[in-house]
>>> print(open('query.csv').read())   # CSV, C-alpha atoms
chain,number,residue,atom,x,y,z
O,1,ARG,CA,-28.4,52.9,32.0
O,2,LYS,CA,-24.8,53.8,31.2
O,3,GLU,CA,-22.2,51.3,32.4
O,4,VAL,CA,-20.4,53.7,34.7
O,5,GLU,CA,-21.9,57.2,35.1
O,6,GLN,CA,-20.5,60.2,36.8
O,7,ASP,CA,-21.6,63.8,37.1
O,8,PRO,CA,-19.2,65.6,34.8
O,9,GLY,CA,-19.2,68.8,36.9
O,10,PRO,CA,-17.4,71.1,37.1
O,11,PHE,CA,-17.5,71.3,40.8
O,12,ASN,CA,-16.1,74.7,41.8
O,13,VAL,CA,-15.4,74.8,45.6
O,14,PRO,CA,-13.4,77.1,47.9
O,15,GLU,CA,-10.3,75.9,49.7
O,16,GLY,CA,-11.2,74.1,52.8
O,17,ALA,CA,-14.5,72.9,51.6
O,18,THR,CA,-15.8,69.3,51.7
O,19,VAL,CA,-16.8,67.9,48.3
O,20,ALA,CA,-18.4,64.6,47.4
O,21,PHE,CA,-18.6,62.7,44.1
O,22,ASN,CA,-20.9,59.8,43.3
O,23,CYS,CA,-20.6,57.2,40.6
O,24,THR,CA,-23.2,54.7,39.6
O,25,TYR,CA,-22.5,51.4,37.8
O,26,SER,CA,-24.7,49.0,35.9
O,27,ASN,CA,-23.4,45.5,36.7
O,28,SER,CA,-24.4,44.2,40.1
O,29,ALA,CA,-21.7,41.5,39.8
O,30,SER,CA,-18.9,44.0,39.8
O,31,GLN,CA,-16.3,43.3,42.5
O,32,SER,CA,-13.5,45.8,42.1
O,33,PHE,CA,-13.8,49.6,42.4
O,34,PHE,CA,-11.3,52.4,42.2
O,35,TRP,CA,-11.0,56.1,42.1
O,36,TYR,CA,-8.3,57.7,39.8
O,37,ARG,CA,-7.2,61.2,39.5
O,38,GLN,CA,-6.2,62.8,36.2
O,39,ASP,CA,-4.5,66.1,35.9
O,40,CYS,CA,-4.9,68.1,32.7
O,41,ARG,CA,-3.1,66.4,29.8
O,42,LYS,CA,-1.6,63.8,32.0
O,43,GLU,CA,-2.2,60.1,32.5
O,44,PRO,CA,-4.7,58.9,35.2
O,45,LYS,CA,-3.2,57.9,38.5
O,46,LEU,CA,-4.7,55.6,41.1
O,47,LEU,CA,-6.0,57.6,44.0
O,48,MET,CA,-7.5,54.7,46.0
O,49,SER,CA,-9.2,51.4,45.8
O,50,VAL,CA,-12.7,51.2,47.2
O,51,TYR,CA,-13.4,48.4,49.7
O,52,SER,CA,-16.8,47.0,50.8
O,53,SER,CA,-16.5,48.4,54.3
O,54,GLY,CA,-15.4,51.8,53.1
O,55,ASN,CA,-11.9,53.2,53.5
O,56,GLU,CA,-10.1,56.4,54.3
O,57,ASP,CA,-6.7,57.8,53.2
O,58,GLY,CA,-6.0,61.1,54.8
O,59,ARG,CA,-8.5,63.6,53.6
O,60,PHE,CA,-10.1,61.1,51.2
O,61,THR,CA,-12.9,58.7,52.0
O,62,ALA,CA,-14.3,56.1,49.6
O,63,GLN,CA,-17.5,54.2,50.1
O,64,LEU,CA,-19.4,51.5,48.3
O,65,ASN,CA,-23.1,50.9,48.3
O,66,ARG,CA,-23.8,47.6,46.6
O,67,ALA,CA,-27.5,47.7,47.0
O,68,SER,CA,-27.8,51.0,45.1
O,69,GLN,CA,-24.8,50.3,42.9
O,70,TYR,CA,-22.8,53.4,43.5
O,71,ILE,CA,-19.5,54.4,44.9
O,72,SER,CA,-18.6,57.7,46.4
O,73,LEU,CA,-15.5,59.8,47.1
O,74,LEU,CA,-15.4,62.4,49.8
O,75,ILE,CA,-12.6,65.0,49.9
O,76,ARG,CA,-12.3,67.0,53.1
O,77,ASP,CA,-10.5,70.3,53.6
O,78,SER,CA,-10.0,70.8,49.9
O,79,LYS,CA,-6.6,72.0,48.7
O,80,LEU,CA,-5.8,73.9,45.5
O,81,SER,CA,-3.7,70.9,44.5
O,82,ASP,CA,-6.8,68.7,44.6
O,83,SER,CA,-8.0,70.4,41.3
O,84,ALA,CA,-8.2,67.6,38.8
O,85,THR,CA,-10.6,65.2,37.1
O,86,TYR,CA,-11.7,62.3,39.2
O,87,LEU,CA,-12.4,59.0,37.4
O,88,CYS,CA,-14.6,56.3,38.8
O,89,VAL,CA,-13.5,52.8,37.7
O,90,VAL,CA,-15.3,49.5,37.9
O,91,ASN,CA,-14.5,46.0,36.8
O,92,LEU,CA,-17.6,45.7,34.8
O,93,ARG,CA,-17.4,43.2,32.0
O,94,TYR,CA,-16.2,39.6,31.8
O,95,SER,CA,-14.1,39.4,28.7
O,96,GLY,CA,-13.0,35.8,28.8
O,97,ALA,CA,-9.8,34.1,30.0
O,98,GLY,CA,-11.1,34.4,33.5
O,99,SER,CA,-10.8,38.2,33.6
O,100,TYR,CA,-13.0,41.2,34.2
O,101,GLN,CA,-12.1,44.4,32.4
O,102,LEU,CA,-12.0,47.8,34.0
O,103,THR,CA,-14.5,50.4,32.7
O,104,PHE,CA,-13.9,54.1,33.3
O,105,GLY,CA,-16.4,56.8,33.9
O,106,LYS,CA,-15.9,60.0,32.0
O,107,GLY,CA,-14.8,61.8,35.1
O,108,THR,CA,-15.9,64.6,37.4
O,109,LYS,CA,-13.9,67.8,37.1
O,110,LEU,CA,-13.0,69.6,40.4
O,111,SER,CA,-11.7,73.1,40.7
O,112,VAL,CA,-10.6,74.3,44.1
O,113,ILE,CA,-10.7,78.1,44.2
O,114,PRO,CA,-8.5,80.2,46.5
B,115,SER,CA,8.7,48.9,41.3
B,116,GLN,CA,7.3,48.7,37.7
B,117,THR,CA,7.7,51.5,35.2
B,118,ILE,CA,5.8,51.9,31.9
B,119,HIS,CA,7.6,53.7,29.1
B,120,GLN,CA,5.7,55.2,26.1
B,121,TRP,CA,7.0,57.1,23.2
B,122,PRO,CA,6.8,59.5,21.6
B,123,ALA,CA,5.0,61.8,24.0
B,124,THR,CA,3.5,63.9,21.2
B,125,LEU,CA,2.9,63.1,17.6
B,126,VAL,CA,1.3,65.0,14.7
B,127,GLN,CA,0.6,62.8,11.7
B,128,PRO,CA,-1.3,63.5,8.4
B,129,VAL,CA,-4.4,61.5,7.5
B,130,GLY,CA,-3.5,58.3,5.7
B,131,SER,CA,-0.1,57.9,7.2
B,132,PRO,CA,1.0,54.9,9.2
B,133,LEU,CA,1.3,54.8,13.0
B,134,SER,CA,3.5,52.9,15.5
B,135,LEU,CA,3.3,53.6,19.2
B,136,GLU,CA,5.5,51.6,21.5
B,137,CYS,CA,5.1,50.7,25.1
B,138,THR,CA,7.7,48.9,27.3
B,139,VAL,CA,7.4,47.8,30.9
B,140,GLU,CA,10.2,47.4,33.4
B,141,GLY,CA,10.2,45.9,36.8
B,142,THR,CA,7.8,43.1,36.2
B,143,SER,CA,7.5,39.9,34.2
B,144,ASN,CA,4.5,38.5,32.2
B,145,PRO,CA,2.4,41.7,32.6
B,146,ASN,CA,-1.1,42.1,31.4
B,147,LEU,CA,-0.9,45.0,29.1
B,148,TYR,CA,-3.6,47.4,27.8
B,149,TRP,CA,-4.0,50.1,25.2
B,150,TYR,CA,-6.6,52.8,26.0
B,151,ARG,CA,-7.6,55.9,24.0
B,152,GLN,CA,-9.0,59.1,25.5
B,153,ALA,CA,-10.6,61.4,22.9
B,154,ALA,CA,-11.1,65.0,23.7
B,155,GLY,CA,-14.0,65.4,26.1
B,156,ARG,CA,-14.6,61.6,26.3
B,157,GLY,CA,-13.8,58.8,28.7
B,158,LEU,CA,-11.1,56.2,28.4
B,159,GLN,CA,-11.9,53.6,25.8
B,160,LEU,CA,-10.2,50.2,26.0
B,161,LEU,CA,-8.7,49.3,22.6
B,162,PHE,CA,-6.6,46.1,23.1
B,163,TYR,CA,-5.3,44.0,25.9
B,164,SER,CA,-2.7,41.2,26.0
B,165,VAL,CA,-2.1,38.5,28.6
B,166,GLY,CA,1.1,37.3,26.9
B,167,ILE,CA,3.4,37.2,23.9
B,168,GLY,CA,1.4,37.0,20.7
B,169,GLN,CA,-1.9,37.1,22.6
B,170,ILE,CA,-4.1,40.1,21.6
B,171,SER,CA,-7.7,40.8,22.3
B,172,SER,CA,-9.5,43.6,20.5
B,173,GLU,CA,-12.3,45.4,22.2
B,174,VAL,CA,-13.3,47.8,19.5
B,175,PRO,CA,-13.2,47.0,15.7
B,176,GLN,CA,-11.4,49.8,13.9
B,177,ASN,CA,-8.3,50.6,11.8
B,178,LEU,CA,-5.9,50.0,14.6
B,179,SER,CA,-4.0,46.9,15.5
B,180,ALA,CA,-1.8,45.7,18.3
B,181,SER,CA,1.1,43.3,18.7
B,182,ARG,CA,3.1,41.9,21.5
B,183,PRO,CA,6.4,40.7,20.2
B,184,GLN,CA,8.1,40.4,23.6
B,185,ASP,CA,6.9,39.9,27.1
B,186,ARG,CA,7.3,43.5,28.1
B,187,GLN,CA,6.7,45.2,24.8
B,188,PHE,CA,3.3,46.2,23.4
B,189,ILE,CA,2.9,48.0,20.1
B,190,LEU,CA,-0.1,49.9,18.7
B,191,SER,CA,-0.2,50.3,14.9
B,192,SER,CA,-2.2,51.6,12.0
B,193,LYS,CA,-1.7,51.4,8.3
B,194,LYS,CA,-3.7,54.5,7.5
B,195,LEU,CA,-4.7,57.0,10.1
B,196,LEU,CA,-8.1,58.7,10.2
B,197,LEU,CA,-8.9,62.1,11.7
B,198,SER,CA,-11.0,60.2,14.3
B,199,ASP,CA,-7.8,58.5,15.5
B,200,SER,CA,-6.7,61.7,17.2
B,201,GLY,CA,-6.5,61.3,21.0
B,202,PHE,CA,-4.5,60.5,24.0
B,203,TYR,CA,-3.1,56.9,23.8
B,204,LEU,CA,-2.3,55.3,27.1
B,205,CYS,CA,-0.5,52.0,27.7
B,206,ALA,CA,-1.3,50.3,31.0
B,207,ASN,CA,-0.2,47.3,33.1
B,208,ARG,CA,-2.4,45.4,35.5
B,209,GLY,CA,-1.7,42.7,38.0
B,210,GLY,CA,-3.2,39.3,37.4
B,211,ARG,CA,-5.9,39.5,40.0
B,212,ASP,CA,-9.4,40.8,39.3
B,213,ASN,CA,-9.0,43.4,42.1
B,214,SER,CA,-5.8,44.7,40.7
B,215,PRO,CA,-5.8,48.4,39.5
B,216,LEU,CA,-4.3,49.7,36.3
B,217,HIS,CA,-1.0,51.6,36.2
B,218,PHE,CA,-0.6,53.9,33.2
B,219,GLY,CA,2.4,55.1,31.2
B,220,ASN,CA,2.8,58.8,30.4
B,221,GLY,CA,0.8,58.5,27.2
B,222,THR,CA,1.2,59.7,23.6
B,223,ARG,CA,-0.9,62.6,22.4
B,224,LEU,CA,-1.7,62.0,18.8
B,225,THR,CA,-3.1,64.7,16.5
B,226,VAL,CA,-4.1,63.6,13.0
B,227,THR,CA,-4.3,66.5,10.6
>>> encode(input="query.csv", output="structure tokens")
Amino acid sequence: RKEVEQDPGPFNVPEGATVAFNCTYSNSASQSFFWYRQDCRKEPKLLMSVYSSGNEDGRFTAQLNRASQYISLLIRDSKLSDSATYLCVVNLRYSGAGSYQLTFGKGTKLSVIP
Amino acid sequence: SQTIHQWPATLVQPVGSPLSLECTVEGTSNPNLYWYRQAAGRGLQLLFYSVGIGQISSEVPQNLSASRPQDRQFILSSKKLLLSDSGFYLCANRGGRDNSPLHFGNGTRLTVT
């Protein structure tokens, strides 16, 4: 099983649609989860953290399922500006000095079509 | 708020040439700093991280090295570049807690020819 796995897409959806991405992770001891957004040829930017109880930020909702070891991102009322690659990030591996390192999925590409 | 500066933004280098990429951080002290690489069509790969001056941890053995000569400066180097070193190099800062996210600089796009 890959450490952090995402469907690469692309997801092509019309404006106004609802789209959901899932991400699975391999280490049941992981404690921190994030979604990042990366525009073409740009650096990744934090979209939102994912909390155990689930959390919402405007049109974006993130959820965590520890039993099945996956996190999800739901985007409602998609906008053209939502077109980007969405990266799932998990603090997966203990690397000493009391720290866990963040591991990135390869990303899911979203294209919102007029 | 913190700002991460990387330069240059774009770089084209011949195989066998040396490399030096610099990253500096403003607005915070004693940052945890990271170098990631994103090759075309691949995910982000952690190369090095540093929790303080002179402290470097290497995640992937290769012909790259890193140094941290000052608290807010992190340098990625190579003595001889390979074609496989091409990619998007990103410097990042992370808070000291395990639930802290990463914040990235604008990155350097390196093409080795």
>>> closest_residue(input="query.csv", among="B:Val165, B:Leu204, B:Leu195, B:Ile170", to="B:Asn144", atoms="all atoms listed in the file")
B:Val165
>>> closest_residue(input="query.csv", among="O:Thr108, O:Thr61, O:Asn91, O:Gln101", to="O:Ser26", atoms="all atoms listed in the file")
O:Asn91
>>> atom_distance(input="query.csv", atom1="atom CA of O:Ala62", atom2="atom CA of B:Arg211")
20.9 Å
>>> residues_near_point(input="query.csv", point="(-4.0, 44.8, 35.9)", cutoff="10 Å", atoms="all atoms listed in the file", output="JSON, numbers by chain")
{"O": [99, 100, 101, 102], "B": [145, 146, 147, 148, 165, 206, 207, 208, 209, 210, 211, 212, 213, 214, 215, 216, 217]}
>>> interface_residues(input="query.csv", of="chain B", to="chain O", cutoff="7 Å", atoms="all atoms listed in the file", output="PyMOL selection string")
chain B and resi 156-158+212-213+218-221
>>> residues_around(input="query.csv", residues="B:Ser198", least_positions_apart="2", cutoff="12 Å", atoms="only C-alpha atoms", output="JSON, numbers by chain")
{"B": [128, 129, 130, 151, 152, 153, 154, 176, 177, 178, 194, 195, 196, 200, 201, 202, 224, 225, 226, 227]}
>>> atom_distance(input="query.csv", atom1="atom CA of B:Glu173", atom2="atom CA of B:Ile189")
15.6 Å
>>> closest_residue(input="query.csv", among="O:Val4, O:Val50, O:Ile71, O:Leu64", to="O:Asn22", atoms="all atoms listed in the file")
O:Ile71
>>> atom_distance(input="query.csv", atom1="atom CA of B:Gly166", atom2="atom CA of B:Pro183")
9.2 Å
>>> residues_around(input="query.csv", residues="O:Ile75", least_positions_apart="3", cutoff="8 Å", atoms="all atoms listed in the file", output="ChimeraX atom specification")
/O:18-20,59-61,78
